[in-house]
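Following: one structure in structure tokens, then a few remarks.
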Amino acid sequence: MSSEPVERRLTAILAADVAGYSRLIGADEEGTLAQLKAFRKTLVDPTIAKHRGRIVKTTGDGMLVEFASAVDAARCAVEVQRGMADENAEISQAKRIEFRIGIHLGDVILDDGDIFGDGVNIAARLESIAVPGGISISRAVHDQVRDRINVCFDDKGEIALKNIARPVQVFAISGAKESKTTVSPESKPALALPDKPSIAVLPFTNLSGDPEQDYFADGMVEDIITALSHFKALFVIARNSSFTYKGRAVDVKQVGRELGVRYVLEGSVRKAANRVRITGQLVDTATGAHLWAERFDGGLSDIFDLQDQVTERVVGAIAPAVEKAEIERAKRKPTESLDAYALYLRGLAKVYQFGNRQANEEAVRLFNNAIELDPDFAAAYGRAALCYVIAIYSGWFSDTANEIAEVQRLAQRAVELGKDDAIALAAGGYALVYVVRDLEVGAALIDRALVLNSNLAEAWNFGGWVKNFLGEPERAIERFARAMRLSPLDPRLTSMRNGTAFAHFFLGRYDEAASWAAMALQHNPDYQPALRQAAASNAMAGRPEQAHKAMARLRQLNPVLRVSNLKDVLSPYRRAEDLSRFEEGLRQAGLPE
């Protein structure tokens, strides 16, 4: 055994490669190599030198660089990505060279100018999960740079990286490829403010003294969000994102940065006997200043009027030019029956226990009970139909003839009764698409819902999937992007990200599809639709190892899946070529015939 001491040092390691390099080379070998060489000469290498980095080694499409400082490494990465974004501005998407970058701070072994060890391996794995044009960093790097560089960070949580013993907490640097002008997280939110007054309504505190009344307080907030979202002059964050703050002590300035909004509405609800008290306070997230605070009291029969009062006060404070007629249109009574309304709110509370079969079944029962009390309750029909959709795609029961007939009945009744109810139209429309396979009618209903309520993130998500089914992937990407912006912390981001992955796959952008599928799997590694996409897209992108890994897990979860029965688990895609391409990707990933 050699007695020579091993030279080690702590260093910041940057790993980079070109996203979709094999595809670019296959399409234009000489042009791609010339373009990459030019970018290296004019941008990449000078930027590395400027930030005192050392290029350890290069491969055909990537490089390994070390820096003495994590700050230098991060600043170099941001400058390179922003420079590449500017260089790519006039280049078509199909021909763009985009880097993926990973940075880790760790102990390495130095040997004849090269570096080895876990630190290098982690940097390489971080690079592999970065989106094209993006930067992924480890917690060790984040702790060093978070207060020293003018960027924003997106916490991706702990991720199990291949061949790394322990999960690594990963952060993505937000907006790295958007502009060469750096901004401070304190002076600009992680998400850019919309070009209209923007607001998030946080969960109201239940002051009733009975935890069982949480559903009532949550229902009040949901209705206020829905009423505000009908105003086209406003940008309103969806319920699923604002409710991620429930039960947490929050800094409204932080909420403003994380959700990209200028205003936050906080409050409380007290329900005692037949009396209700709603308190509300409107806060400017930029300054923390309270614009107003008010109390609204009334009887239980006045609940809709109280909600309308809160809504009018908010609109008057942040968008005073809104016409009175628009305010009147936003006022609505979903039902005249307060008992039916209470059952509906209880059903909603069950629906939001995502992934819980028993809660989903209970929600159907509650919605049906509400319908019994008020047979004209459009939203209750729509929500009940969606519960069946959830049960079918979750595999809780198969779509038998009886179940399909029940979904069709509920959905059709929802749209008949809810011609001006965006939730009823969107829910009913998507149920008709997914279960009944009536693409044209369902798509038209979702479009109508978006005309009525352009802030309805749920409808944008449904609309994205329908555009995929119709063979319009570019439009699908736009709709998923809108859904994710309206609900950036949504528990159903997995679905939105996977839908985006499918759209890129159908456009032949296999690297982008694989990246989006990987993001979809971050919060639910066993989500079968995303595993299918990860397997197919990695196979088509020329990464058989990743494809076979995703396929192995998929077959553990669904051992009977075959190419021949794939259509049983897929949605109603109209274009035969889309299905054929997807089948070929899964076939290459190892799915048996």
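Identifiers in this document derive from the order of the structure tokens: chains are assigned A, B, ..., residues are numbered from 1 separately in each chain, and ligands are numbered from 1 in order of occurrence.
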
TODO: Quick one: pick out all helix (DSSP H, G or I) residues within range 359-468 of chain A from a backbone DSSP run and write them as JSON, numbers by chain.
DONE: {"A": [359, 360, 361, 362, 363, 364, 365, 366, 367, 368, 369, 370, 371, 372, 373, 378, 379, 380, 381, 382, 383, 384, 385, 386, 387, 388, 389, 390, 391, 392, 393, 401, 402, 403, 404, 405, 406, 407, 408, 409, 410, 411, 412, 413, 414, 415, 416, 417, 422, 423, 424, 425, 426, 427, 428, 429, 430, 431, 432, 433, 434, 439, 440, 441, 442, 443, 444, 445, 446, 447, 448, 449, 450, 451, 452, 457, 458, 459, 460, 461, 462, 463, 464, 465, 466, 467, 468]}

Open item on the list: I'd like the neighbourhood of Ser495 in chain A as a list in words, where a residue qualifies if any of its atoms comes within 10 Å (using only C-alpha atoms), though same-chain residues fewer than 3 positions away should be ignored.
Closed with: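 Counting only the stated atoms, we get Asn461, Phe462, Trp465, Phe480, Asp490, Pro491, Arg492, Asn498, Gly499, Thr500, Ala501, Ala517, Ala520, Leu521, Tyr527, Pro529 and Ala530 of chain A.
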
Open item on the list: Could you tell me how far CA of Phe505 in chain A sits from CA of Leu64 in chain A, in Å to one decimal place?
Closed with: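 Pair CA of Leu64 in chain A / CA of Phe505 in chain A returns 29.1 Å.
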
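Proximity to Asp511 in chain A was assessed for A:Lys37, A:Lys419, A:Arg553, A:Arg100 counting only C-alpha atoms; the smallest distance is recorded for A:Arg100.
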
Open item on the list: Which residues are near Leu373 in chain A? Cut-off 8 Å, only C-alpha atoms, ignore same chain within fewer than 6 positions. Put them as a ChimeraX atom specification.
Closed with: /A:337,339-340

TODO: Select, from A:Val283, A:Ala363, A:Val310, A:Ala422, the residue with the minimum atom-to-atom distance to Ile224 in chain A, counting only C-alpha atoms.
DONE: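 Selected residue with least distance to Ile224 in chain A: A:Val310.
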
TODO: Compare A:Glu577, A:Asp251, A:Glu403, A:Asp305 by their minimum atom-to-atom distance to Thr287 in chain A, counting only C-alpha atoms, and give me the closest one.
DONE: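 Ranking A:Glu577, A:Asp251, A:Glu403, A:Asp305 by distance to Thr287 in chain A, first place goes to A:Asp251.
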
TODO: Excluding Arg543 in chain A and any residue of its chain fewer than 4 positions from it, enumerate the residues within 10 Å of it, using only C-alpha atoms, and give them as a list in words.
DONE: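 Returned residues: Ser22, Asp511, Ala514, Ala535, Ala536, Ser537, Asn538, Ala539, Ala547, His548 and Ala589 of chain A.
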
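Each of A:Ile199, A:Ala38, A:Leu24, A:Val120 was checked against Asn455 in chain A using only C-alpha atoms; the smallest atom-to-atom distance is that of A:Ile199.
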